[in-house]
file run.txt (compact mmCIF, C-alpha atoms)
# COMPACT_ATOMS: atom_id res chain seq x y z
CA MET N 1 6.72 -15.19 -10.75
CA GLU N 2 6.67 -18.56 -8.95
CA GLY N 3 2.96 -19.00 -8.36
CA ILE N 4 1.89 -15.39 -7.90
CA THR N 5 -1.78 -15.04 -8.88
CA HIS N 6 -3.72 -11.98 -9.96
CA ARG N 7 -7.27 -10.76 -9.57
CA THR N 8 -9.35 -7.59 -9.53
CA VAL N 9 -11.15 -6.41 -6.40
CA ALA N 10 -13.85 -3.72 -6.21
CA VAL N 11 -12.78 -1.18 -3.58
CA ASN N 12 -13.94 2.33 -2.74
CA GLY N 13 -15.56 2.91 -6.14
CA ILE N 14 -12.68 1.61 -8.27
CA ASN N 15 -11.40 -1.73 -9.54
CA MET N 16 -8.06 -2.59 -7.96
CA HIS N 17 -5.60 -5.14 -9.33
CA ILE N 18 -3.82 -7.22 -6.72
CA ALA N 19 -1.03 -9.78 -6.94
CA GLU N 20 -0.96 -12.38 -4.20
CA LYS N 21 0.52 -15.64 -3.04
CA GLY N 22 0.23 -17.85 0.01
CA GLU N 23 -2.18 -18.43 2.85
CA GLY N 24 -2.29 -17.24 6.44
CA THR N 25 -1.85 -13.83 8.01
CA VAL N 26 -1.93 -11.06 5.41
CA ILE N 27 1.07 -8.87 4.65
CA LEU N 28 -0.04 -5.84 2.62
CA PHE N 29 2.74 -4.40 0.42
CA ILE N 30 2.36 -0.78 -0.75
CA HIS N 31 4.53 0.38 -3.66
CA GLY N 32 5.91 3.79 -4.58
CA PHE N 33 6.59 5.87 -7.72
CA PRO N 34 7.22 5.02 -10.51
CA GLU N 35 6.53 1.46 -9.46
CA LEU N 36 3.89 -1.25 -9.30
CA TRP N 37 3.04 -4.32 -7.25
CA TYR N 38 5.96 -5.84 -9.17
CA SER N 39 8.46 -3.96 -7.00
CA TRP N 40 7.62 -6.46 -4.23
CA ARG N 41 8.01 -9.58 -6.41
CA HIS N 42 10.87 -10.97 -4.32
CA GLN N 43 9.19 -10.36 -0.95
CA ILE N 44 5.82 -11.72 -2.11
CA VAL N 45 7.30 -15.10 -2.95
CA ALA N 46 9.73 -15.37 -0.04
CA LEU N 47 7.20 -14.46 2.66
CA ALA N 48 4.42 -16.57 1.15
CA ASP N 49 6.82 -19.50 1.33
CA ARG N 50 7.17 -18.79 5.06
CA GLY N 51 3.47 -19.10 5.73
CA TYR N 52 2.06 -15.63 5.03
CA HIS N 53 -0.55 -14.39 2.57
CA SER N 54 1.36 -11.78 0.55
CA VAL N 55 -0.88 -9.17 -1.10
CA ALA N 56 0.45 -6.35 -3.28
CA PRO N 57 -1.97 -4.03 -5.09
CA ASP N 58 -1.36 -1.61 -7.89
CA LEU N 59 -2.44 1.63 -6.21
CA ARG N 60 -5.09 3.74 -7.91
CA GLY N 61 -3.73 5.27 -11.10
CA PHE N 62 -1.03 2.62 -11.48
CA GLY N 63 -0.78 -0.49 -13.63
CA ASP N 64 -3.98 -2.49 -13.96
CA THR N 65 -5.93 -0.57 -11.29
CA ASP N 66 -8.44 2.08 -12.35
CA ALA N 67 -7.14 5.62 -12.86
CA PRO N 68 -9.77 8.30 -12.11
CA GLN N 69 -9.31 11.44 -14.17
CA SER N 70 -9.67 14.18 -11.57
CA ILE N 71 -6.63 15.32 -9.59
CA SER N 72 -8.67 15.47 -6.41
CA SER N 73 -9.36 11.73 -6.66
CA TYR N 74 -5.77 11.07 -5.57
CA SER N 75 -5.87 12.53 -2.08
CA ILE N 76 -4.36 10.55 0.75
CA PHE N 77 -7.89 9.91 1.99
CA HIS N 78 -8.90 8.23 -1.27
CA ILE N 79 -5.77 6.08 -1.31
CA VAL N 80 -6.05 5.01 2.32
CA GLY N 81 -9.77 4.42 1.74
CA ASP N 82 -8.90 2.02 -1.08
CA LEU N 83 -6.68 0.00 1.23
CA ILE N 84 -9.20 -0.10 4.07
CA ALA N 85 -11.73 -1.46 1.57
CA LEU N 86 -9.15 -3.97 0.33
CA ILE N 87 -8.50 -5.20 3.88
CA THR N 88 -12.25 -5.70 4.28
CA ALA N 89 -12.45 -7.52 0.92
CA LEU N 90 -9.72 -9.86 2.13
CA ASN N 91 -11.89 -10.68 5.17
CA GLN N 92 -9.25 -9.36 7.54
CA ASP N 93 -9.62 -7.32 10.72
CA LYS N 94 -5.91 -6.45 10.81
CA VAL N 95 -2.93 -6.88 8.52
CA PHE N 96 0.82 -6.39 8.58
CA VAL N 97 1.83 -3.47 6.35
CA VAL N 98 5.03 -2.89 4.40
CA GLY N 99 5.56 0.37 2.49
CA HIS N 100 8.18 2.11 0.38
CA ASP N 101 8.45 5.64 -1.08
CA TRP N 102 4.89 6.88 -1.75
CA GLY N 103 3.79 3.57 -0.32
CA ALA N 104 5.52 4.58 2.92
CA ILE N 105 3.58 7.85 2.99
CA VAL N 106 0.35 5.94 2.42
CA ALA N 107 1.31 3.42 5.10
CA TRP N 108 2.03 6.16 7.66
CA HIS N 109 -1.39 7.67 7.00
CA LEU N 110 -3.11 4.28 7.11
CA CYS N 111 -1.62 3.84 10.59
CA LEU N 112 -2.47 7.42 11.53
CA PHE N 113 -6.11 7.23 10.43
CA ARG N 114 -6.87 3.57 11.23
CA PRO N 115 -4.31 2.05 13.62
CA ASP N 116 -6.95 -0.55 14.50
CA LYS N 117 -6.33 -2.16 11.09
CA VAL N 118 -2.57 -2.69 11.44
CA HIS N 119 -0.68 -5.29 13.47
CA ALA N 120 2.69 -3.69 12.78
CA LEU N 121 4.46 -1.71 10.04
CA VAL N 122 7.76 -2.06 8.22
CA ASN N 123 8.36 1.19 6.34
CA MET N 124 11.13 2.25 4.00
CA SER N 125 12.76 5.43 2.72
CA VAL N 126 10.26 8.11 3.85
CA VAL N 127 10.00 9.10 7.51
CA PHE N 128 6.87 10.17 9.36
CA SER N 129 6.98 13.67 10.76
CA ARG N 130 4.30 15.77 12.42
CA LYS N 131 4.87 18.94 10.46
CA ASP N 132 3.15 22.21 11.03
CA PRO N 133 0.15 22.12 8.64
CA SER N 134 0.84 25.75 7.80
CA VAL N 135 4.12 24.64 6.13
CA ARG N 136 3.22 23.50 2.63
CA PRO N 137 5.33 20.50 1.55
CA VAL N 138 5.80 21.65 -2.04
CA ASP N 139 6.93 25.08 -0.83
CA PHE N 140 9.54 23.35 1.34
CA PHE N 141 11.03 21.44 -1.60
CA GLN N 142 10.98 24.54 -3.78
CA LYS N 143 12.78 26.58 -1.13
CA VAL N 144 15.43 23.91 -0.53
CA TYR N 145 16.00 22.63 -4.08
CA GLY N 146 14.45 25.14 -6.48
CA ASP N 147 11.94 24.89 -9.31
CA ASP N 148 13.70 22.01 -11.08
CA HIS N 149 13.13 19.56 -8.25
CA TYR N 150 10.91 16.83 -9.67
CA ILE N 151 8.14 17.40 -7.09
CA CYS N 152 7.98 21.08 -8.02
CA ARG N 153 8.01 20.39 -11.75
CA ILE N 154 5.08 18.00 -11.39
CA GLN N 155 2.68 20.48 -9.80
CA GLU N 156 1.22 22.19 -12.89
CA PRO N 157 -1.39 19.82 -14.41
CA GLY N 158 -0.40 18.54 -17.83
CA VAL N 159 3.08 20.04 -17.89
CA MET N 160 5.03 16.99 -16.79
CA GLU N 161 2.80 14.72 -18.85
CA SER N 162 3.72 16.78 -21.93
CA PHE N 163 7.38 16.74 -20.94
CA PHE N 164 7.36 12.95 -20.53
CA ALA N 165 5.61 12.61 -23.91
CA GLY N 166 8.83 13.83 -25.53
CA PHE N 167 10.70 10.78 -24.25
CA ASP N 168 10.40 7.05 -24.63
CA THR N 169 8.57 5.41 -21.68
CA GLU N 170 11.49 3.03 -21.18
CA TYR N 171 13.87 5.98 -20.96
CA ILE N 172 11.74 7.74 -18.31
CA LEU N 173 11.45 4.64 -16.15
CA LYS N 174 15.13 3.82 -16.45
CA LYS N 175 16.05 7.37 -15.40
CA PHE N 176 14.00 7.02 -12.23
CA LEU N 177 14.67 3.38 -11.37
CA THR N 178 18.44 3.64 -11.83
CA PHE N 179 18.78 6.90 -9.87
CA ARG N 180 21.17 6.17 -7.02
CA LYS N 181 22.60 9.51 -5.95
CA PRO N 182 22.21 10.93 -2.43
CA GLY N 183 21.32 14.33 -3.89
CA PRO N 184 17.93 15.54 -5.15
CA PHE N 185 16.34 14.35 -8.39
CA LEU N 186 16.37 17.44 -10.61
CA VAL N 187 14.51 17.17 -13.90
CA SER N 188 16.68 19.71 -15.70
CA GLU N 189 19.83 17.69 -15.01
CA GLU N 190 18.44 14.17 -15.14
CA PHE N 191 16.49 14.29 -18.40
CA HIS N 192 19.02 15.06 -21.09
CA GLN N 193 18.09 12.79 -23.96
CA THR N 194 20.06 9.60 -24.47
CA ALA N 195 19.00 6.24 -25.83
CA PRO N 196 17.41 3.89 -23.27
CA SER N 197 20.05 1.31 -24.17
CA ASP N 198 22.76 3.72 -23.00
CA ILE N 199 21.48 3.65 -19.42
CA GLN N 200 23.23 0.83 -17.62
CA LEU N 201 20.95 -1.28 -15.43
CA PRO N 202 22.05 -2.04 -11.87
CA PRO N 203 22.44 -5.70 -10.83
CA PHE N 204 19.02 -5.74 -9.15
CA LEU N 205 17.13 -4.85 -12.35
CA THR N 206 16.96 -6.98 -15.47
CA GLN N 207 15.72 -5.87 -18.86
CA ASP N 208 12.72 -8.14 -18.34
CA ASP N 209 11.94 -6.25 -15.12
CA VAL N 210 12.11 -2.94 -16.96
CA ASN N 211 9.96 -4.31 -19.76
CA TYR N 212 7.21 -5.21 -17.29
CA PHE N 213 7.16 -1.68 -15.85
CA VAL N 214 7.23 -0.18 -19.36
CA THR N 215 4.31 -2.30 -20.59
CA LYS N 216 2.10 -1.23 -17.69
CA PHE N 217 3.03 2.47 -17.75
CA LYS N 218 2.43 2.60 -21.50
CA LYS N 219 -1.05 1.31 -20.77
CA SER N 220 -1.96 3.48 -17.77
CA GLY N 221 0.17 6.55 -18.42
CA PHE N 222 1.72 8.86 -15.83
CA ALA N 223 -1.16 11.24 -15.06
CA GLY N 224 -2.57 9.24 -12.13
CA PRO N 225 0.78 8.73 -10.40
CA LEU N 226 1.72 12.39 -10.90
CA ASN N 227 -1.54 13.43 -9.26
CA TYR N 228 -0.29 11.97 -5.97
CA TYR N 229 2.27 14.78 -5.88
CA ARG N 230 -0.31 17.38 -6.85
CA ASN N 231 -2.22 16.57 -3.67
CA LEU N 232 0.73 17.00 -1.31
CA ASN N 233 -0.25 20.47 -0.14
CA MET N 234 -3.93 19.59 0.06
CA ASN N 235 -3.15 16.42 2.02
CA SER N 236 -1.25 18.51 4.53
CA GLU N 237 -4.14 20.94 4.94
CA MET N 238 -6.81 18.25 5.17
CA SER N 239 -4.78 16.23 7.68
CA ALA N 240 -4.73 19.16 10.10
CA PRO N 241 -7.14 17.38 12.52
CA TRP N 242 -4.39 14.78 13.06
CA ALA N 243 -1.62 17.35 13.60
CA GLY N 244 0.46 16.26 16.57
CA GLU N 245 -1.00 12.75 16.58
CA PRO N 246 1.66 10.01 16.87
CA ILE N 247 1.82 6.71 15.03
CA LYS N 248 0.40 4.15 17.44
CA VAL N 249 1.52 0.83 15.93
CA PRO N 250 4.87 -1.00 16.24
CA VAL N 251 7.26 0.11 13.49
CA LYS N 252 10.57 -0.92 11.95
CA PHE N 253 12.17 1.56 9.56
CA LEU N 254 14.68 0.84 6.78
CA ILE N 255 16.59 3.31 4.62
CA GLY N 256 19.68 3.23 2.41
CA ASP N 257 22.55 5.57 3.16
CA LEU N 258 22.55 6.69 -0.50
CA ASP N 259 18.78 7.28 -0.56
CA MET N 260 17.97 10.83 -1.62
CA SER N 261 15.31 10.90 1.14
CA TYR N 262 18.01 10.28 3.75
CA HIS N 263 19.81 13.41 2.56
CA ILE N 264 16.93 15.87 2.71
CA PRO N 265 18.22 18.62 5.04
CA GLY N 266 17.48 17.81 8.66
CA THR N 267 16.38 14.23 8.04
CA GLN N 268 19.37 12.43 9.53
CA ASP N 269 19.24 14.50 12.72
CA TYR N 270 15.51 13.84 12.92
CA ILE N 271 16.01 10.09 12.53
CA HIS N 272 18.95 9.68 14.88
CA LYS N 273 18.49 12.38 17.54
CA GLY N 274 15.08 11.54 18.93
CA GLY N 275 12.58 13.42 16.80
CA PHE N 276 11.48 10.36 14.84
CA LYS N 277 11.06 8.29 17.99
CA LYS N 278 9.01 11.03 19.60
CA ASN N 279 6.53 11.02 16.72
CA VAL N 280 6.59 7.23 16.33
CA PRO N 281 6.73 6.11 19.98
CA PHE N 282 6.48 2.40 19.14
CA LEU N 283 9.43 2.61 16.74
CA GLN N 284 11.33 -0.59 17.49
CA ASP N 285 14.29 -0.35 15.15
CA ILE N 286 15.96 1.93 12.60
CA ILE N 287 18.13 0.20 10.01
CA VAL N 288 20.41 2.24 7.75
CA ILE N 289 21.79 -0.11 5.08
CA LYS N 290 25.13 0.94 3.65
CA ASP N 291 25.75 1.51 -0.05
CA VAL N 292 22.05 1.29 -0.94
CA GLY N 293 19.99 3.77 -2.92
CA HIS N 294 16.31 4.64 -2.92
CA PHE N 295 14.84 1.42 -4.33
CA ILE N 296 15.95 -0.55 -1.32
CA ASN N 297 13.35 -3.33 -1.54
CA GLN N 298 14.62 -4.27 -4.99
CA GLU N 299 18.31 -3.49 -4.56
CA ARG N 300 18.66 -5.55 -1.38
CA ALA N 301 15.71 -7.88 -1.80
CA VAL N 302 16.96 -10.76 0.36
CA GLU N 303 18.16 -8.52 3.18
CA VAL N 304 14.93 -6.52 3.20
CA THR N 305 12.87 -9.71 3.24
CA GLU N 306 14.78 -10.92 6.30
CA HIS N 307 14.21 -7.61 8.08
CA ILE N 308 10.47 -7.85 7.38
CA TYR N 309 10.24 -11.45 8.51
CA ASP N 310 12.32 -10.96 11.66
CA PHE N 311 10.05 -8.10 12.72
CA ILE N 312 6.58 -9.38 11.97
CA LYS N 313 7.17 -12.85 13.45
CA ILE N 314 7.47 -11.15 16.84
CA PHE N 315 3.75 -10.39 16.71
CA MET N 316 2.55 -13.85 15.66
call {"tool": "encode", "arguments": {"input": "run.txt", "output": "structure tokens"}}
result
Amino acid sequence: MEGITHRTVAVNGINMHIAEKGEGTVILFIHGFPELWYSWRHQIVALADRGYHSVAPDLRGFGDTDAPQSISSYSIFHIVGDLIALITALNQDKVFVVGHDWGAIVAWHLCLFRPDKVHALVNMSVVFSRKDPSVRPVDFFQKVYGDDHYICRIQEPGVMESFFAGFDTEYILKKFLTFRKPGPFLVSEEFHQTAPSDIQLPPFLTQDDVNYFVTKFKKSGFAGPLNYYRNLNMNSEMSAPWAGEPIKVPVKFLIGDLDMSYHIPGTQDYIHKGGFKKNVPFLQDIIVIKDVGHFINQERAVEVTEHIYDFIKIFM
């Protein structure tokens, strides 16, 4: 961990665990699912060594941060509210933001709701799009991929928790973290029982890495993280006042060419034919990294770190 320290900060009515290293301008790292602050371990150290204050929280419901019980406590407004409170607790007016997966969704909304708090954003894997609020996100995934798509299977409270309870936590996390196909993640196909030891780890993940994730998810469970998905439709409805509003901060976007998000129908045309730039007018660069899957910040840790550093140093 090379000098990474940990503490708990009171934010927005919950206790949030943060990992941090370094001094100087703050870079706020926002993780995805099923991940933790630990997903940014490489970037935290490398960027702190270059003169930045790296800060990576466990989002609400994850790891050592509090996990409220109600589904409604995981709206995008609660999550962004946590981060605004964290920025204040760090005595910062503005921060650099780096997001991936669900963290990218949170980062887009942080910039949408409070652009005054963000110097610039490096986001990964999930694009920002100004969708018609009448189009429910879960309905879209169900129409395109069917009921077995993981987002659709998560929607009914308690069902996926019960399903996961039939498997070892290590097995569940390995199935997600080693997924590297450009197609959709379908629970019916991806969760046929095998021993965790039979799942081969990619070069970017060690067994010690997996063990850390397993220890924390055994403690906190999956209910909180799954509730993020259960608020997708509600988030869309409640964000209607911002419909049509662009992202008003400088942005660099990274995605792997094997990332399942890159292969959602229409996404590549949206990214490369002007739609993305229209909705994110200060989009400075789009980087598609070849032969990389969804967990880009771990799979290509050094390359991603360089992309982050090369971008944010422009604004110093």
call {"tool": "closest_residue", "arguments": {"input": "run.txt", "among": "N:Ser134, N:Glu2, N:Lys117, N:Ala67", "to": "Ser239 in chain N", "atoms": "all atoms listed in the file"}}
result
N:Ser134
call {"tool": "closest_residue", "arguments": {"input": "run.txt", "among": "N:Gln284, N:Asn12, N:Asn235, N:Ser72", "to": "Ala120 in chain N", "atoms": "all atoms listed in the file"}}
result
N:Gln284
call {"tool": "closest_residue", "arguments": {"input": "run.txt", "among": "N:Lys175, N:Trp108, N:Leu226, N:Ser129", "to": "Gly266 in chain N", "atoms": "all atoms listed in the file"}}
result
N:Ser129
call {"tool": "closest_atom_pairs", "arguments": {"input": "run.txt", "of": "range 74-144 of chain N", "to": "range 241-247 of chain N", "cutoff": "7 Å", "atoms": "all atoms listed in the file", "output": "Markdown table"}}
result
| residue | atom | partner | partner_atom | distance |
| --- | --- | --- | --- | --- |
| N:Cys111 | CA | N:Ile247 | CA | 6.3 |
| N:Leu112 | CA | N:Ile247 | CA | 5.6 |
| N:Arg130 | CA | N:Gly244 | CA | 5.7 |
call {"tool": "atom_distance", "arguments": {"input": "run.txt", "atom1": "CA of Ile4 in chain N", "atom2": "CA of Val26 in chain N"}}
result
14.5 Å
call {"tool": "residues_near_point", "arguments": {"input": "run.txt", "point": "(2.0, -6.0, -4.9)", "cutoff": "6 Å", "atoms": "only C-alpha atoms", "output": "MDAnalysis selection string"}}
result
chainID N and resid 19 29 37:38 40 55:57
call {"tool": "axis_aligned_box", "arguments": {"input": "run.txt", "around": "range 227-231 of chain N", "padding_each_side": "4 Å", "output": "lines of an AutoDock Vina configuration file"}}
result
center_x = 0.0
center_y = 14.7
center_z = -6.5
size_x = 12.5
size_y = 13.4
size_z = 13.6
call {"tool": "residues_near_point", "arguments": {"input": "run.txt", "point": "(16.6, 18.7, -16.4)", "cutoff": "12 Å", "atoms": "only C-alpha atoms", "output": "PyMOL selection string"}}
result
chain N and resi 147-150+153+160+163-164+175+184-193
call {"tool": "residues_around", "arguments": {"input": "run.txt", "residues": "Ala223 in chain N", "least_positions_apart": "6", "cutoff": "8 Å", "atoms": "all atoms listed in the file", "output": "number ranges by chain"}}
result
N: 61, 158, 161
call {"tool": "closest_residue", "arguments": {"input": "run.txt", "among": "N:His31, N:His78, N:Lys216, N:Lys181", "to": "Asp64 in chain N", "atoms": "all atoms listed in the file"}}
result
N:Lys216
call {"tool": "closest_residue", "arguments": {"input": "run.txt", "among": "N:Asp82, N:Asp116, N:Asp49, N:Asp285", "to": "Thr65 in chain N", "atoms": "all atoms listed in the file"}}
result
N:Asp82
call {"tool": "closest_residue", "arguments": {"input": "run.txt", "among": "N:Asn91, N:Pro250, N:Lys218, N:Asp257", "to": "Asp291 in chain N", "atoms": "only C-alpha atoms"}}
result
N:Asp257
call {"tool": "atom_distance", "arguments": {"input": "run.txt", "atom1": "CA of Ile312 in chain N", "atom2": "CA of Phe213 in chain N"}}
result
28.9 Å
call {"tool": "atom_distance", "arguments": {"input": "run.txt", "atom1": "CA of Ala107 in chain N", "atom2": "CA of Asp209 in chain N"}}
result
24.8 Å
call {"tool": "residues_around", "arguments": {"input": "run.txt", "residues": "Met1 in chain N", "least_positions_apart": "4", "cutoff": "9 Å", "atoms": "only C-alpha atoms", "output": "MDAnalysis selection string"}}
result
chainID N and resid 5 41:42 45
call {"tool": "residues_around", "arguments": {"input": "run.txt", "residues": "range 271-274 of chain N", "least_positions_apart": "3", "cutoff": "12 Å", "atoms": "only C-alpha atoms", "output": "list in words"}}
result
Ser125, Val126, Val127, Phe128, Ser129, Phe253, Leu254, Ile255, Ser261, Tyr262, His263, Ile264, Pro265, Gly266, Thr267, Gln268, Lys277, Lys278, Asn279, Val280, Pro281, Leu283, Asp285, Ile286, Ile287 and Val288 of chain N
call {"tool": "residues_around", "arguments": {"input": "run.txt", "residues": "Tyr171 in chain N", "least_positions_apart": "6", "cutoff": "9 Å", "atoms": "only C-alpha atoms", "output": "JSON, numbers by chain"}}
result
{"N": [193, 194, 195, 196, 197, 199]}
